[in-house]
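To keep things clear, I will list the structure first and then write my remarks on it.
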Amino acid sequence: DHLPPTPALKPDMSAELWNSAVRVLETNWAGDHMVPSRRLYPHQWSWDAAFIAIGLAYVNPTRAWRDLRSLFEAQWPDGRVPHIVFDPATAEADYFPGPAFWDVPAYGNRAARGSTGIVQPPMHAIAAWEVYRHAAAHGANCAQEARTELEWLYPRLVAQQRYLTTDRNLGRGGLASIVHPWESGLDNSPAWDEAMANVPADLALLSQYRRRDLDVSDAAHRPTDLDYSRYVGLVVSYRAEGYADAGLLDRHAFAVECPAFNSILASAELALAQIAGELGRTAEAATHRHRAAQITAAIIRRLWNEETGTFHALDVHTGKLTPANCVSGLLPLMLPDLPADLVQAIMNEMRSNRFGLPVPSYDRTAPDFDTMRYWRGPVWINVNWLVRRGLLMHGFRDEAEDLRTAMVRLVHRNGHFEYFHPTTGEGLGAPTFSWTAALSLDLLA
Ligand code: 2M8
């Protein structure tokens with residue numbers, strides 16, 4: 001089952017892709033933060049900022065730090081990092097749901113800018129460590145800046161982890177729950193279908209608003225109105241008690257433990273261990289390593305499905321694993337302490353006709369596999385970047401290299417799209433998308 005060796009990338013292809021990626025990041029820079037896309041996402045997004053920083057590290061580390069700082073300036077006193085930080089220069093009508101709809105309480109986000117009250121996967125410690133590692137290559141001033149920024153970020157990253165591992169430990173099993181599909185970053189993934197079926201869908205509520213995303217993108221590539229009615233209803237439910245987490249399980253219809261979110265959570269503890277070590281906080285480094293091991297153990301205990309040989313999301317309300325085979329179930333490959341038999345099982349799943357490299361967002365053989373619709377089939381560069389990290393972590397060097405060249409070719413041929421058709425490679429969604437550009441730089445560097 002050995003693939004023929006991948007032909008090397010041509011130097012002019014790499015140079016073209018590098019230059020076009022730099023141009024996307026120039027276009028999407030908004031003074032003190034990066035927008036994911038000028039038209040579709042005209043604010044700052046949380047996990048986007050992390051992927052973007054990883055790429056900016058090669059071309060403009062000052063902007064990488066500035067972007068992370070802008071995000072963490074909007075961190076809430078309880079440690080949560082909001083999934084969107086709103087740009088006051090952008091009109092309410094330019095993104096739905098905007099700041100007026102979220103209506104976060106005054107005790108929330110302290111920044112002058114508004115924010116949402118939900119989170120996204122905590123990629124930021126991983127990003128901060130990556131940016132720091134690459135900073136020295138840019139000379140003494142950049143190395144000094146990196147040290148200052150890392151020291152500023154460290155306690156904030158720790159507070160972010162504390163919030164997620166404590167206040168969001170809704171299932172009491174040592175994992176963080178997401179309480180809105182938007183928190184996963186994998187918005188309309190089939191992983192949430194079962195749990196979402198128990199969320200009331202109020203189309204009359206949705207009809208009071210205008211879906212701005214449909215003005216600026218193809219409806220066939222986006223979540224449905226039924227999805228959006230539930231998304232809006234869940235915000236209304238969380239907002240009703242000021243986005244408080246105490247007792248949330250009793251009054252909120254959606255709480256799920258996602259294998260991807262929690263694998264990133266554990267990896268963030270490992271990145272914090274490296275950061276703490278670098279900052280001379282040896283005892284704290286050991287604590288972070290211990291927490292990573294605990295989260296890893298909880299992922300295996302709670303989310304592994306012996307029968308399917310992969311990881312699944314757990315619906316905290318029903319205590320059941322959701323049946324869909326989604327890319328999120330492969331991402332525990334990121335965990336260095338994953339036992340060898342589970343690594344092998346993920347590799348088998350990944351190499352099967354359900355996935356293949358680059359990985360689609362959902363099982364290719366599922367009857368409802370949708371080649372166009374967002375997180376229900378298309379290929380995304382950020383999750384493939386995470387898969388590659390996992391492959392490298394466990395020594396699958398050939399597959400990691402094949403995946404790298406496949407991603408580079410995909411983006412070079414089709415453009416810096418938000419996502420890609422899983423069989424034709426056609427670009428879908430927003431055409432000049434920041435994390436696709438930023439991660440392309442990392443893949444070429
Ligand atoms: C998408 O999500 C936003 C809501 O947060 C949207 O559809 O409006 C997702 O792909 C998410 O992962 C991403 O962070 C965001 C911005 O790129 O867009």
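In the structure tokens, chains take the letters A, B, ... in the order shown, each chain's residues start at 1, and ligands count up from 1 in the order shown.
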
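Near ligand 1, at distances of 6 Å or less and with only C-alpha atoms and all ligand atoms counted, sit the residues Pro36, Trp45, Trp47, Asp48, Trp182, Gly185, Leu186 and Asp187 of chain A.
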
Go ahead and save the residues from that selection, with N, CA and C atoms, as a PDB file, in the first residue's frame.
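Result went into result-v6.pdb, see below:
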```
ATOM      1  N   PRO A  36     -10.491  37.511   8.503  1.00  0.00           N
ATOM      2  CA  PRO A  36     -10.392  36.258   7.737  1.00  0.00           C
ATOM      3  C   PRO A  36     -10.639  36.487   6.245  1.00  0.00           C
ATOM      4  N   TRP A  45     -11.477  37.022  14.107  1.00  0.00           N
ATOM      5  CA  TRP A  45     -11.915  35.718  14.656  1.00  0.00           C
ATOM      6  C   TRP A  45     -10.792  35.085  15.461  1.00  0.00           C
ATOM      7  N   TRP A  47      -9.781  31.651  16.431  1.00  0.00           N
ATOM      8  CA  TRP A  47      -8.781  30.650  16.025  1.00  0.00           C
ATOM      9  C   TRP A  47      -8.145  31.000  14.697  1.00  0.00           C
ATOM     10  N   ASP A  48      -8.848  31.815  13.887  1.00  0.00           N
ATOM     11  CA  ASP A  48      -8.209  32.343  12.678  1.00  0.00           C
ATOM     12  C   ASP A  48      -6.932  33.093  13.047  1.00  0.00           C
ATOM     13  N   TRP A 182     -20.676  26.987  16.658  1.00  0.00           N
ATOM     14  CA  TRP A 182     -19.655  27.962  16.254  1.00  0.00           C
ATOM     15  C   TRP A 182     -18.407  27.855  17.127  1.00  0.00           C
ATOM     16  N   GLY A 185     -15.600  25.761  15.622  1.00  0.00           N
ATOM     17  CA  GLY A 185     -14.959  26.218  14.392  1.00  0.00           C
ATOM     18  C   GLY A 185     -15.368  25.372  13.185  1.00  0.00           C
ATOM     19  N   LEU A 186     -16.005  24.232  13.439  1.00  0.00           N
ATOM     20  CA  LEU A 186     -16.417  23.288  12.369  1.00  0.00           C
ATOM     21  C   LEU A 186     -17.936  23.380  12.241  1.00  0.00           C
ATOM     22  N   ASP A 187     -18.408  24.584  12.052  1.00  0.00           N
ATOM     23  CA  ASP A 187     -19.787  24.988  12.323  1.00  0.00           C
ATOM     24  C   ASP A 187     -20.897  23.979  12.036  1.00  0.00           C
TER      25      ASP A 187
END
```

Checklist entry - Any idea what's packed within 10 Å of Arg211 (chain A), counting only C-alpha atoms, ignoring anything in its chain fewer than 4 positions away? Could you give it as JSON, numbers by chain? => result {"A": [93, 94, 95, 96, 97, 206, 207, 215, 216, 225, 228]}

Next on the checklist: What's around Arg301 (chain A) at 12 Å? Count only C-alpha atoms, leave out sequence neighbours fewer than 3 positions away in its own chain, and write the answer as a PyMOL selection string.
Outcome noted: chain A and resi 173-175+259+294-298+304-306+311-312+314+321+338

Next on the checklist: Taking the DSSP secondary structure from the backbone, can you list the residues of region 263-443 of chain A that are alpha helix (DSSP H), as a PyMOL selection string?
Outcome noted: chain A and resi 263-278+282-303+340-351+381-393+397-414+434-443

Dump of C-alpha atoms for the selected residues, as a PDB file, in the first residue's frame:
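Output (selection.pdb):
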```pdb
ATOM      1  CA  SER A 263      -7.067  17.710  21.386  1.00  0.00           C
ATOM      2  CA  ILE A 264      -6.208  21.342  20.737  1.00  0.00           C
ATOM      3  CA  LEU A 265      -6.859  22.048  24.438  1.00  0.00           C
ATOM      4  CA  ALA A 266      -4.340  19.350  25.450  1.00  0.00           C
ATOM      5  CA  SER A 267      -1.822  20.497  22.820  1.00  0.00           C
ATOM      6  CA  ALA A 268      -2.160  24.025  24.172  1.00  0.00           C
ATOM      7  CA  GLU A 269      -1.067  22.759  27.607  1.00  0.00           C
ATOM      8  CA  LEU A 270       2.013  21.219  25.964  1.00  0.00           C
ATOM      9  CA  ALA A 271       2.773  24.494  24.200  1.00  0.00           C
ATOM     10  CA  LEU A 272       2.346  26.301  27.528  1.00  0.00           C
ATOM     11  CA  ALA A 273       4.821  23.860  29.077  1.00  0.00           C
ATOM     12  CA  GLN A 274       7.359  24.888  26.447  1.00  0.00           C
ATOM     13  CA  ILE A 275       6.585  28.570  26.941  1.00  0.00           C
ATOM     14  CA  ALA A 276       6.826  28.270  30.737  1.00  0.00           C
ATOM     15  CA  GLY A 277      10.155  26.462  30.379  1.00  0.00           C
ATOM     16  CA  GLU A 278      11.470  29.227  28.121  1.00  0.00           C
ATOM     17  CA  THR A 282       9.980  25.246  35.584  1.00  0.00           C
ATOM     18  CA  ALA A 283       7.370  24.197  38.148  1.00  0.00           C
ATOM     19  CA  GLU A 284       4.579  25.614  35.984  1.00  0.00           C
ATOM     20  CA  ALA A 285       5.925  23.738  32.979  1.00  0.00           C
ATOM     21  CA  ALA A 286       5.490  20.473  34.877  1.00  0.00           C
ATOM     22  CA  THR A 287       1.906  21.423  35.789  1.00  0.00           C
ATOM     23  CA  HIS A 288       1.063  22.074  32.134  1.00  0.00           C
ATOM     24  CA  ARG A 289       2.505  18.707  31.103  1.00  0.00           C
ATOM     25  CA  HIS A 290       0.450  17.022  33.800  1.00  0.00           C
ATOM     26  CA  ARG A 291      -2.727  18.750  32.596  1.00  0.00           C
ATOM     27  CA  ALA A 292      -2.026  17.696  29.011  1.00  0.00           C
ATOM     28  CA  ALA A 293      -1.735  14.089  30.169  1.00  0.00           C
ATOM     29  CA  GLN A 294      -5.025  14.366  32.074  1.00  0.00           C
ATOM     30  CA  ILE A 295      -6.896  15.799  29.086  1.00  0.00           C
ATOM     31  CA  THR A 296      -5.405  13.139  26.800  1.00  0.00           C
ATOM     32  CA  ALA A 297      -6.554  10.414  29.201  1.00  0.00           C
ATOM     33  CA  ALA A 298     -10.056  11.930  29.343  1.00  0.00           C
ATOM     34  CA  ILE A 299     -10.279  12.099  25.529  1.00  0.00           C
ATOM     35  CA  ILE A 300      -9.446   8.389  25.337  1.00  0.00           C
ATOM     36  CA  ARG A 301     -11.783   7.460  28.196  1.00  0.00           C
ATOM     37  CA  ARG A 302     -14.765   9.460  26.975  1.00  0.00           C
ATOM     38  CA  LEU A 303     -14.525   9.895  23.200  1.00  0.00           C
ATOM     39  CA  ALA A 340       0.302   3.220  19.611  1.00  0.00           C
ATOM     40  CA  ASP A 341      -2.806   1.104  18.965  1.00  0.00           C
ATOM     41  CA  LEU A 342      -4.997   4.208  18.806  1.00  0.00           C
ATOM     42  CA  VAL A 343      -2.510   5.971  16.531  1.00  0.00           C
ATOM     43  CA  GLN A 344      -2.675   2.950  14.256  1.00  0.00           C
ATOM     44  CA  ALA A 345      -6.481   2.973  14.304  1.00  0.00           C
ATOM     45  CA  ILE A 346      -6.580   6.657  13.305  1.00  0.00           C
ATOM     46  CA  MET A 347      -4.075   5.972  10.521  1.00  0.00           C
ATOM     47  CA  ASN A 348      -6.248   3.113   9.238  1.00  0.00           C
ATOM     48  CA  GLU A 349      -9.284   5.371   9.243  1.00  0.00           C
ATOM     49  CA  MET A 350      -7.383   8.174   7.534  1.00  0.00           C
ATOM     50  CA  ARG A 351      -6.033   5.854   4.821  1.00  0.00           C
ATOM     51  CA  ILE A 381      -6.353  23.812   4.963  1.00  0.00           C
ATOM     52  CA  ASN A 382      -6.323  24.424   8.719  1.00  0.00           C
ATOM     53  CA  VAL A 383      -7.499  20.927   9.681  1.00  0.00           C
ATOM     54  CA  ASN A 384      -5.102  19.379   7.183  1.00  0.00           C
ATOM     55  CA  TRP A 385      -2.338  21.450   8.736  1.00  0.00           C
ATOM     56  CA  LEU A 386      -3.308  19.945  12.121  1.00  0.00           C
ATOM     57  CA  VAL A 387      -3.385  16.436  10.615  1.00  0.00           C
ATOM     58  CA  ARG A 388       0.116  16.999   9.238  1.00  0.00           C
ATOM     59  CA  ARG A 389       1.266  18.078  12.674  1.00  0.00           C
ATOM     60  CA  GLY A 390      -0.085  14.792  14.018  1.00  0.00           C
ATOM     61  CA  LEU A 391       1.614  12.777  11.263  1.00  0.00           C
ATOM     62  CA  LEU A 392       4.947  14.411  12.063  1.00  0.00           C
ATOM     63  CA  MET A 393       4.375  13.921  15.791  1.00  0.00           C
ATOM     64  CA  ARG A 397       7.262  11.455   7.568  1.00  0.00           C
ATOM     65  CA  ASP A 398       6.345  10.275   4.069  1.00  0.00           C
ATOM     66  CA  GLU A 399       2.647  10.870   4.536  1.00  0.00           C
ATOM     67  CA  ALA A 400       3.333  14.243   6.155  1.00  0.00           C
ATOM     68  CA  GLU A 401       5.401  15.235   3.122  1.00  0.00           C
ATOM     69  CA  ASP A 402       2.793  13.947   0.678  1.00  0.00           C
ATOM     70  CA  LEU A 403       0.143  15.919   2.514  1.00  0.00           C
ATOM     71  CA  ARG A 404       2.293  19.050   2.473  1.00  0.00           C
ATOM     72  CA  THR A 405       2.829  18.897  -1.279  1.00  0.00           C
ATOM     73  CA  ALA A 406      -0.841  18.063  -1.886  1.00  0.00           C
ATOM     74  CA  MET A 407      -1.912  21.141   0.081  1.00  0.00           C
ATOM     75  CA  VAL A 408       0.607  23.376  -1.678  1.00  0.00           C
ATOM     76  CA  ARG A 409      -0.570  22.171  -5.101  1.00  0.00           C
ATOM     77  CA  LEU A 410      -4.218  22.545  -4.159  1.00  0.00           C
ATOM     78  CA  VAL A 411      -3.822  26.167  -3.122  1.00  0.00           C
ATOM     79  CA  HIS A 412      -1.423  27.025  -5.948  1.00  0.00           C
ATOM     80  CA  ARG A 413      -3.768  25.646  -8.564  1.00  0.00           C
ATOM     81  CA  ASN A 414      -7.047  26.969  -7.170  1.00  0.00           C
ATOM     82  CA  SER A 434      -6.363  34.590   5.485  1.00  0.00           C
ATOM     83  CA  TRP A 435      -5.628  31.251   7.162  1.00  0.00           C
ATOM     84  CA  THR A 436      -5.260  29.493   3.802  1.00  0.00           C
ATOM     85  CA  ALA A 437      -2.652  32.096   2.838  1.00  0.00           C
ATOM     86  CA  ALA A 438      -0.916  32.110   6.220  1.00  0.00           C
ATOM     87  CA  LEU A 439      -0.642  28.330   6.498  1.00  0.00           C
ATOM     88  CA  SER A 440       0.615  28.164   2.894  1.00  0.00           C
ATOM     89  CA  LEU A 441       3.581  30.252   4.038  1.00  0.00           C
ATOM     90  CA  ASP A 442       4.249  27.753   6.827  1.00  0.00           C
ATOM     91  CA  LEU A 443       4.010  24.832   4.390  1.00  0.00           C
TER      92      LEU A 443
END
```

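Remark: for Pro223 (chain A), the closest of the candidate residues A:Pro336, A:Gly247, A:Pro88, A:Gly429 is A:Gly429 (distances computed over only C-alpha atoms).
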
Next on the checklist: Give me the residues near Asn198 (chain A) as a ChimeraX atom specification, where near means some atom within 12 Å (using only C-alpha atoms) and where sequence neighbours in that chain fewer than 6 positions away do not count.
Outcome noted: /A:192,230,233-234,252-255,315,317-318

Write the selection just made, keeping C-alpha atoms, as a PDB file, in the first residue's frame?
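Wrote part-v8.pdb, looks like this:
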```
ATOM      1  CA  TRP A 192     -23.426  17.948  15.790  1.00  0.00           C
ATOM      2  CA  ARG A 230     -30.760  26.902  15.792  1.00  0.00           C
ATOM      3  CA  GLY A 233     -31.646  30.276  19.263  1.00  0.00           C
ATOM      4  CA  LEU A 234     -28.577  28.969  21.085  1.00  0.00           C
ATOM      5  CA  HIS A 252     -29.160  25.122  27.524  1.00  0.00           C
ATOM      6  CA  ALA A 253     -29.984  22.553  24.851  1.00  0.00           C
ATOM      7  CA  PHE A 254     -26.501  22.020  23.376  1.00  0.00           C
ATOM      8  CA  ALA A 255     -23.378  20.787  25.175  1.00  0.00           C
ATOM      9  CA  ASP A 315     -23.428  14.674  23.602  1.00  0.00           C
ATOM     10  CA  HIS A 317     -27.057  15.724  27.627  1.00  0.00           C
ATOM     11  CA  THR A 318     -27.592  12.142  26.470  1.00  0.00           C
TER      12      THR A 318
END
```
